[in-house]
file start.cif (mmCIF, C-alpha atoms)
data_run
loop_
_atom_site.label_atom_id
_atom_site.label_comp_id
_atom_site.auth_asym_id
_atom_site.auth_seq_id
_atom_site.Cartn_x
_atom_site.Cartn_y
_atom_site.Cartn_z
CA MET A 1 0.13 14.36 1.66
CA GLU A 2 3.41 14.40 3.60
CA ASP A 3 5.90 16.87 5.07
CA ASN A 4 8.03 18.62 2.47
CA PRO A 5 11.57 17.14 2.59
CA LEU A 6 12.84 18.91 -0.54
CA SER A 7 15.75 21.32 -0.33
CA LEU A 8 15.47 24.86 -1.67
CA ILE A 9 17.86 23.89 -4.47
CA LYS A 10 15.64 20.96 -5.44
CA LYS A 11 12.49 23.09 -5.37
CA ASP A 12 14.11 25.77 -7.53
CA PHE A 13 15.34 23.10 -9.96
CA ILE A 14 11.84 21.67 -10.43
CA ARG A 15 10.26 25.12 -10.81
CA SER A 16 12.94 26.09 -13.34
CA LEU A 17 12.25 22.96 -15.38
CA VAL A 18 8.51 23.62 -15.35
CA LYS A 19 9.02 27.25 -16.34
CA ASP A 20 11.01 25.98 -19.35
CA GLY A 21 8.16 23.64 -20.30
CA ARG A 22 9.82 20.48 -18.98
CA ARG A 23 9.20 18.03 -16.16
CA GLU A 24 11.64 16.23 -13.90
CA ASP A 25 10.70 12.80 -15.28
CA GLY A 26 10.69 13.83 -18.93
CA ARG A 27 6.92 13.87 -19.47
CA GLY A 28 4.85 16.51 -21.18
CA PHE A 29 2.52 18.60 -19.02
CA ASP A 30 -0.51 16.62 -20.29
CA GLU A 31 1.07 13.17 -20.06
CA HIS A 32 0.32 10.50 -17.42
CA ARG A 33 3.02 8.28 -16.03
CA PRO A 34 3.06 4.69 -17.32
CA LEU A 35 0.05 2.75 -16.05
CA ASP A 36 0.02 -0.92 -15.03
CA ILE A 37 -3.29 -2.52 -13.99
CA GLN A 38 -3.67 -6.12 -12.82
CA VAL A 39 -7.13 -7.33 -11.78
CA ASN A 40 -7.94 -10.32 -9.55
CA PHE A 41 -4.67 -9.61 -7.73
CA VAL A 42 -5.91 -10.89 -4.34
CA SER A 43 -7.35 -14.40 -4.57
CA LYS A 44 -9.38 -14.21 -1.34
CA ALA A 45 -11.23 -11.01 -2.30
CA GLN A 46 -14.47 -10.88 -4.30
CA GLY A 47 -12.71 -8.38 -6.56
CA SER A 48 -9.32 -6.72 -6.57
CA ALA A 49 -6.84 -4.72 -8.61
CA ARG A 50 -3.23 -3.66 -8.25
CA VAL A 51 -2.36 -0.37 -9.96
CA LYS A 52 1.06 1.10 -10.60
CA LEU A 53 1.05 4.71 -11.78
CA GLY A 54 4.71 5.40 -12.34
CA ASN A 55 6.24 4.40 -9.01
CA THR A 56 3.03 4.93 -7.03
CA GLN A 57 1.49 1.54 -6.25
CA VAL A 58 -1.84 0.69 -4.62
CA VAL A 59 -4.05 -2.37 -4.20
CA ALA A 60 -7.83 -2.20 -4.06
CA GLY A 61 -9.81 -5.11 -2.64
CA VAL A 62 -13.57 -5.61 -2.74
CA LYS A 63 -15.35 -7.51 0.01
CA VAL A 64 -19.04 -8.41 -0.41
CA GLN A 65 -21.31 -9.78 2.30
CA LEU A 66 -24.97 -9.76 3.35
CA GLU A 67 -26.04 -7.20 5.95
CA ASN A 68 -29.13 -5.44 7.22
CA PRO A 69 -30.01 -2.44 5.04
CA TYR A 70 -29.67 1.09 6.32
CA PRO A 71 -33.01 2.33 7.76
CA ASP A 72 -33.30 5.16 5.21
CA THR A 73 -32.44 2.94 2.20
CA PRO A 74 -34.15 -0.43 2.87
CA ASN A 75 -34.22 -1.37 -0.82
CA ARG A 76 -30.62 -0.49 -1.66
CA GLY A 77 -27.28 -2.13 -1.02
CA ASN A 78 -24.69 -0.71 1.37
CA PHE A 79 -21.35 0.73 0.28
CA MET A 80 -18.19 1.90 2.04
CA THR A 81 -14.63 2.82 1.04
CA SER A 82 -11.59 2.92 3.34
CA ALA A 83 -7.90 3.69 2.78
CA GLU A 84 -4.78 2.60 4.64
CA LEU A 85 -1.51 4.52 4.33
CA ASN A 86 0.86 1.62 4.83
CA PRO A 87 4.06 2.66 6.71
CA MET A 88 6.23 0.80 4.20
CA ALA A 89 4.94 3.09 1.41
CA SER A 90 6.52 6.25 2.81
CA PRO A 91 8.78 7.30 5.70
CA ASN A 92 6.06 9.75 6.72
CA PHE A 93 3.28 7.16 7.04
CA GLU A 94 2.90 5.81 10.56
CA PRO A 95 0.82 2.99 12.06
CA GLY A 96 -2.23 3.87 14.10
CA PRO A 97 -5.61 5.53 13.52
CA PRO A 98 -6.34 6.79 9.98
CA ARG A 99 -4.67 10.10 9.19
CA ILE A 100 -6.68 12.99 7.75
CA GLU A 101 -5.03 12.29 4.38
CA ALA A 102 -6.29 8.68 4.42
CA ILE A 103 -9.81 9.86 5.24
CA GLU A 104 -9.77 12.38 2.39
CA LEU A 105 -8.39 9.77 -0.01
CA ALA A 106 -11.14 7.31 0.90
CA ARG A 107 -13.86 9.95 0.64
CA VAL A 108 -12.74 11.18 -2.79
CA THR A 109 -12.60 7.61 -4.13
CA ASP A 110 -15.92 6.76 -2.48
CA ARG A 111 -17.58 9.84 -3.99
CA SER A 112 -16.55 8.92 -7.54
CA LEU A 113 -17.82 5.36 -7.18
CA ARG A 114 -20.97 6.17 -5.23
CA GLU A 115 -22.23 9.28 -7.02
CA SER A 116 -21.48 7.98 -10.51
CA GLY A 117 -24.09 5.23 -10.29
CA VAL A 118 -21.60 2.65 -11.55
CA LEU A 119 -23.07 0.29 -8.92
CA ASP A 120 -26.74 -0.65 -9.27
CA PHE A 121 -27.60 -0.30 -5.59
CA GLU A 122 -31.20 -1.48 -6.01
CA ALA A 123 -29.97 -4.70 -7.62
CA LEU A 124 -27.86 -5.25 -4.49
CA ALA A 125 -31.02 -5.69 -2.39
CA TRP A 126 -31.18 -9.50 -2.09
CA LYS A 127 -34.28 -9.45 0.11
CA PRO A 128 -35.48 -5.83 0.07
CA GLY A 129 -36.04 -4.48 3.55
CA GLU A 130 -34.38 -7.52 5.13
CA LYS A 131 -30.97 -8.38 3.64
CA VAL A 132 -28.86 -6.49 1.14
CA TRP A 133 -25.37 -6.90 -0.24
CA ALA A 134 -22.79 -4.65 1.40
CA VAL A 135 -19.83 -3.74 -0.79
CA PHE A 136 -16.60 -2.67 0.90
CA VAL A 137 -13.70 -1.22 -1.11
CA ASP A 138 -10.40 -1.27 0.81
CA LEU A 139 -7.41 0.68 -0.53
CA GLU A 140 -3.89 -0.27 0.53
CA ILE A 141 -1.04 2.07 -0.36
CA LEU A 142 2.10 0.07 -1.11
CA ASP A 143 4.40 2.75 -2.56
CA TYR A 144 3.76 6.50 -2.49
CA ASP A 145 5.33 8.58 -5.25
CA GLY A 146 2.59 11.15 -5.74
CA ASN A 147 -1.01 11.34 -6.99
CA LEU A 148 -2.68 8.71 -4.82
CA PHE A 149 -6.08 10.08 -5.82
CA ASP A 150 -5.87 8.84 -9.41
CA ALA A 151 -4.11 5.57 -8.54
CA CYS A 152 -6.72 4.69 -5.91
CA SER A 153 -9.60 5.77 -8.12
CA ILE A 154 -8.40 3.60 -11.02
CA ALA A 155 -7.74 0.65 -8.70
CA GLY A 156 -11.11 1.00 -6.98
CA LEU A 157 -13.00 1.10 -10.27
CA ALA A 158 -11.08 -1.84 -11.78
CA ALA A 159 -11.71 -3.88 -8.63
CA VAL A 160 -15.44 -3.08 -8.66
CA LEU A 161 -15.82 -3.87 -12.36
CA SER A 162 -14.18 -7.27 -11.88
CA ALA A 163 -15.93 -8.18 -8.60
CA LYS A 164 -18.43 -11.02 -8.03
CA LEU A 165 -21.42 -11.64 -5.78
CA PRO A 166 -20.60 -14.88 -3.93
CA ALA A 167 -22.94 -17.86 -4.19
CA ILE A 168 -22.43 -18.41 -0.45
CA ASP A 169 -22.31 -15.39 1.84
CA PRO A 170 -18.79 -15.36 3.36
CA LYS A 171 -20.10 -13.90 6.63
CA SER A 172 -23.20 -15.96 7.48
CA LYS A 173 -22.42 -18.95 5.19
CA GLU A 174 -25.98 -18.69 3.92
CA VAL A 175 -26.56 -20.11 0.43
CA VAL A 176 -27.60 -17.27 -1.83
CA TYR A 177 -27.50 -18.94 -5.24
CA ALA A 178 -28.50 -22.61 -5.22
CA ASP A 179 -26.47 -23.45 -8.32
CA GLY A 180 -23.27 -22.51 -6.47
CA LYS A 181 -22.20 -20.04 -9.12
CA ASP A 182 -20.98 -16.52 -8.30
CA ARG A 183 -22.67 -13.63 -10.11
CA PRO A 184 -21.04 -10.48 -11.51
CA LEU A 185 -21.46 -7.42 -9.34
CA PRO A 186 -24.34 -5.41 -10.86
CA VAL A 187 -22.61 -2.46 -12.54
CA ARG A 188 -23.44 0.15 -15.14
CA VAL A 189 -20.21 0.46 -17.13
CA ASP A 190 -21.42 3.61 -18.92
CA ASN A 191 -21.43 5.34 -15.53
CA ALA A 192 -17.92 4.18 -14.54
CA THR A 193 -16.11 7.13 -12.99
CA PHE A 194 -12.50 7.67 -11.94
CA SER A 195 -10.40 10.73 -11.27
CA VAL A 196 -7.89 12.80 -13.22
CA THR A 197 -5.70 15.08 -11.08
CA PHE A 198 -3.85 18.27 -12.05
CA ALA A 199 -1.29 20.26 -10.06
CA LYS A 200 -0.49 23.95 -10.47
CA ILE A 201 3.12 25.11 -10.21
CA GLY A 202 3.46 28.83 -10.90
CA ASN A 203 1.39 29.46 -14.00
CA SER A 204 1.79 25.91 -15.31
CA ILE A 205 -0.72 23.07 -14.93
CA LEU A 206 0.53 19.48 -14.90
CA VAL A 207 -1.48 16.27 -15.00
CA ASP A 208 -0.63 13.35 -12.69
CA PRO A 209 1.97 15.04 -10.44
CA HIS A 210 4.71 12.81 -9.08
CA LEU A 211 5.83 13.24 -5.48
CA HIS A 212 8.25 16.13 -5.94
CA GLU A 213 5.75 18.09 -8.04
CA GLU A 214 3.02 17.37 -5.53
CA LEU A 215 5.18 18.66 -2.68
CA ILE A 216 5.84 22.06 -4.27
CA CYS A 217 2.54 22.71 -6.09
CA GLU A 218 0.42 25.61 -4.90
CA THR A 219 -2.84 23.75 -5.47
CA ARG A 220 -4.32 20.68 -7.12
CA ILE A 221 -7.70 19.75 -8.53
CA THR A 222 -9.15 16.26 -8.93
CA MET A 223 -11.99 15.68 -11.38
CA GLY A 224 -14.11 12.54 -11.52
CA LEU A 225 -15.52 11.97 -15.01
CA ASP A 226 -17.52 9.18 -16.62
CA PRO A 227 -16.79 7.75 -20.12
CA LYS A 228 -19.13 10.33 -21.67
CA GLY A 229 -17.18 13.20 -20.16
CA ASN A 230 -19.78 14.10 -17.56
CA LEU A 231 -18.30 15.63 -14.41
CA ARG A 232 -19.40 13.49 -11.44
CA ALA A 233 -17.16 14.75 -8.65
CA MET A 234 -14.49 17.35 -7.96
CA GLN A 235 -12.02 18.01 -5.14
CA LYS A 236 -9.60 20.91 -4.65
CA GLY A 237 -6.52 20.74 -2.47
CA GLY A 238 -3.79 23.13 -1.40
CA TYR A 239 -3.93 26.85 -0.63
CA GLY A 240 -3.69 28.24 -4.15
CA SER A 241 -6.56 29.19 -6.43
CA TRP A 242 -7.93 28.30 -9.86
CA THR A 243 -9.52 30.70 -12.30
CA VAL A 244 -12.74 29.79 -14.09
CA ASP A 245 -10.84 29.52 -17.38
CA GLU A 246 -8.26 27.20 -15.81
CA VAL A 247 -10.97 24.92 -14.45
CA LYS A 248 -12.66 24.80 -17.85
CA GLU A 249 -9.35 24.01 -19.55
CA THR A 250 -8.42 21.25 -17.09
CA ARG A 251 -11.87 19.73 -17.53
CA ARG A 252 -11.41 19.69 -21.30
CA LYS A 253 -8.05 17.97 -20.89
CA ALA A 254 -9.47 15.57 -18.29
CA VAL A 255 -12.13 14.38 -20.76
CA LYS A 256 -9.48 13.43 -23.34
CA LEU A 257 -7.08 11.90 -20.83
CA GLY A 258 -9.92 10.12 -19.04
CA SER A 259 -11.11 8.39 -22.21
CA GLU A 260 -7.61 7.03 -22.77
CA VAL A 261 -7.31 5.74 -19.20
CA PHE A 262 -10.80 4.21 -19.27
CA ALA A 263 -9.87 2.19 -22.37
CA LYS A 264 -6.89 0.82 -20.43
CA ILE A 265 -9.11 -0.09 -17.45
CA GLN A 266 -11.50 -1.93 -19.76
CA LYS A 267 -8.63 -3.89 -21.32
CA ALA A 268 -7.37 -4.87 -17.87
CA VAL A 269 -10.82 -6.02 -16.72
CA LYS A 270 -11.31 -8.01 -19.92
CA THR A 271 -7.87 -9.64 -20.14
CA GLY A 272 -6.72 -9.52 -16.51
CA HIS A 273 -3.75 -7.22 -17.12
CA TYR A 274 -2.82 -4.01 -18.92
CA LYS A 275 0.60 -2.39 -18.97
CA ASP A 276 1.96 0.70 -20.73
CA GLU A 277 5.24 -0.07 -22.42
CA LYS A 278 6.31 3.51 -23.18
CA PRO A 279 9.63 4.32 -21.45
CA VAL A 280 10.09 7.65 -19.68
CA VAL A 281 13.35 9.58 -19.76
CA SER A 282 13.94 11.03 -16.30
CA PHE A 283 16.05 13.75 -14.71
CA ARG A 284 15.02 12.73 -11.23
CA THR A 285 16.07 10.41 -8.44
CA ARG A 286 13.64 9.36 -5.73
#
call {"tool": "encode", "arguments": {"input": "start.cif", "output": "structure tokens"}}
result
Amino acid sequence: MEDNPLSLIKKDFIRSLVKDGRREDGRGFDEHRPLDIQVNFVSKAQGSARVKLGNTQVVAGVKVQLENPYPDTPNRGNFMTSAELNPMASPNFEPGPPRIEAIELARVTDRSLRESGVLDFEALAWKPGEKVWAVFVDLEILDYDGNLFDACSIAGLAAVLSAKLPAIDPKSKEVVYADGKDRPLPVRVDNATFSVTFAKIGNSILVDPHLHEELICETRITMGLDPKGNLRAMQKGGYGSWTVDEVKETRRKAVKLGSEVFAKIQKAVKTGHYKDEKPVVSFRTR
């Protein structure tokens, strides 16, 4: 995601820890960093969520408005995801046109949300063939400390699950629901999909890599799974390779880890906030 600023001594230290079965921040290889999810974080959005995964922090906002349908899908709503690598999140993020990393991040998040069927696109057709709801998911990176894929995926899903269809279209000001009451975004919770990412360092596979692990890993794999454990999307990064057995093993672990994370997302959507309280003993400095 960014240029590698680590010294050879630092790289060797991290690899030595991993070889001994340890991680720089004290976690086990199959342990996520503490997760903090707050929904309805942005008052002006139709849905939003702020997610902190360790020190990585992102905000997802959902904007909903009426638009003309796409010509090839006249009876389905429109959907788009974008990502912004905010310069304050990392010294290597710069203002200007979207970087290739931002485009990949948006596409991976979009794929999990779109292909999972968590959104009922046909129910988003307000007047089929004429006007449909367009749902925009915007991802803002506030602090980058590794594994933006999972942080953005969790934030995007939490924002979508908590979003509303406005009674008055914010773009045209047209009255959609005469009673003036917003409606929940039509979702299929059983299809809710978000990603679990693994990094490979030497012969070891670590879930949820922090920045230093991400910078030295040979390859990573991101799996998008639904609550039933069905694989909905997958993305490989880096120049290294994965064996068939390694992919099968990471998928098995992703199913277990994913069910735990999904329960946390549900709690956040229901109560407005979820936060892990487990402290992490760390060997590292940022």
call {"tool": "residues_near_point", "arguments": {"input": "start.cif", "point": "(-22.7, -16.4, -5.0)", "cutoff": "8 Å", "atoms": "only C-alpha atoms", "output": "MDAnalysis selection string"}}
result
chainID A and resid 164:169 175:177 180:183
call {"tool": "atom_distance", "arguments": {"input": "start.cif", "atom1": "atom CA of A:Ala45", "atom2": "atom CA of A:Glu140"}}
result
13.3 Å
call {"tool": "closest_residue", "arguments": {"input": "start.cif", "among": "A:Ile221, A:Gly117, A:Phe93, A:Leu206", "to": "A:Tyr239", "atoms": "all atoms listed in the file"}}
result
A:Ile221
call {"tool": "atom_distance", "arguments": {"input": "start.cif", "atom1": "atom CA of A:Val62", "atom2": "atom CA of A:Gly156"}}
result
8.2 Å
call {"tool": "residues_near_point", "arguments": {"input": "start.cif", "point": "(-19.9, 11.4, -10.5)", "cutoff": "12 Å", "atoms": "all atoms listed in the file", "output": "PyMOL selection string"}}
result
chain A and resi 108-119+153+190-195+222-235
call {"tool": "closest_residue", "arguments": {"input": "start.cif", "among": "A:Ile100, A:Leu53, A:Leu105, A:Ala60", "to": "A:Asp143", "atoms": "all atoms listed in the file"}}
result
A:Leu53
call {"tool": "residues_around", "arguments": {"input": "start.cif", "residues": "stretch 4-13 of chain A", "least_positions_apart": "6", "cutoff": "8 Å", "atoms": "only C-alpha atoms", "output": "NGL selection string"}}
result
:A and (212 or 215-216)
call {"tool": "residues_around", "arguments": {"input": "start.cif", "residues": "A:Arg22", "least_positions_apart": "4", "cutoff": "12 Å", "atoms": "only C-alpha atoms", "output": "NGL selection string"}}
result
:A and (13-18 or 26-31 or 201 or 204-206 or 213 or 281-283)
call {"tool": "closest_residue", "arguments": {"input": "start.cif", "among": "A:Thr56, A:Pro69, A:Ser82, A:Ala158", "to": "A:Val269", "atoms": "only C-alpha atoms"}}
result
A:Ala158
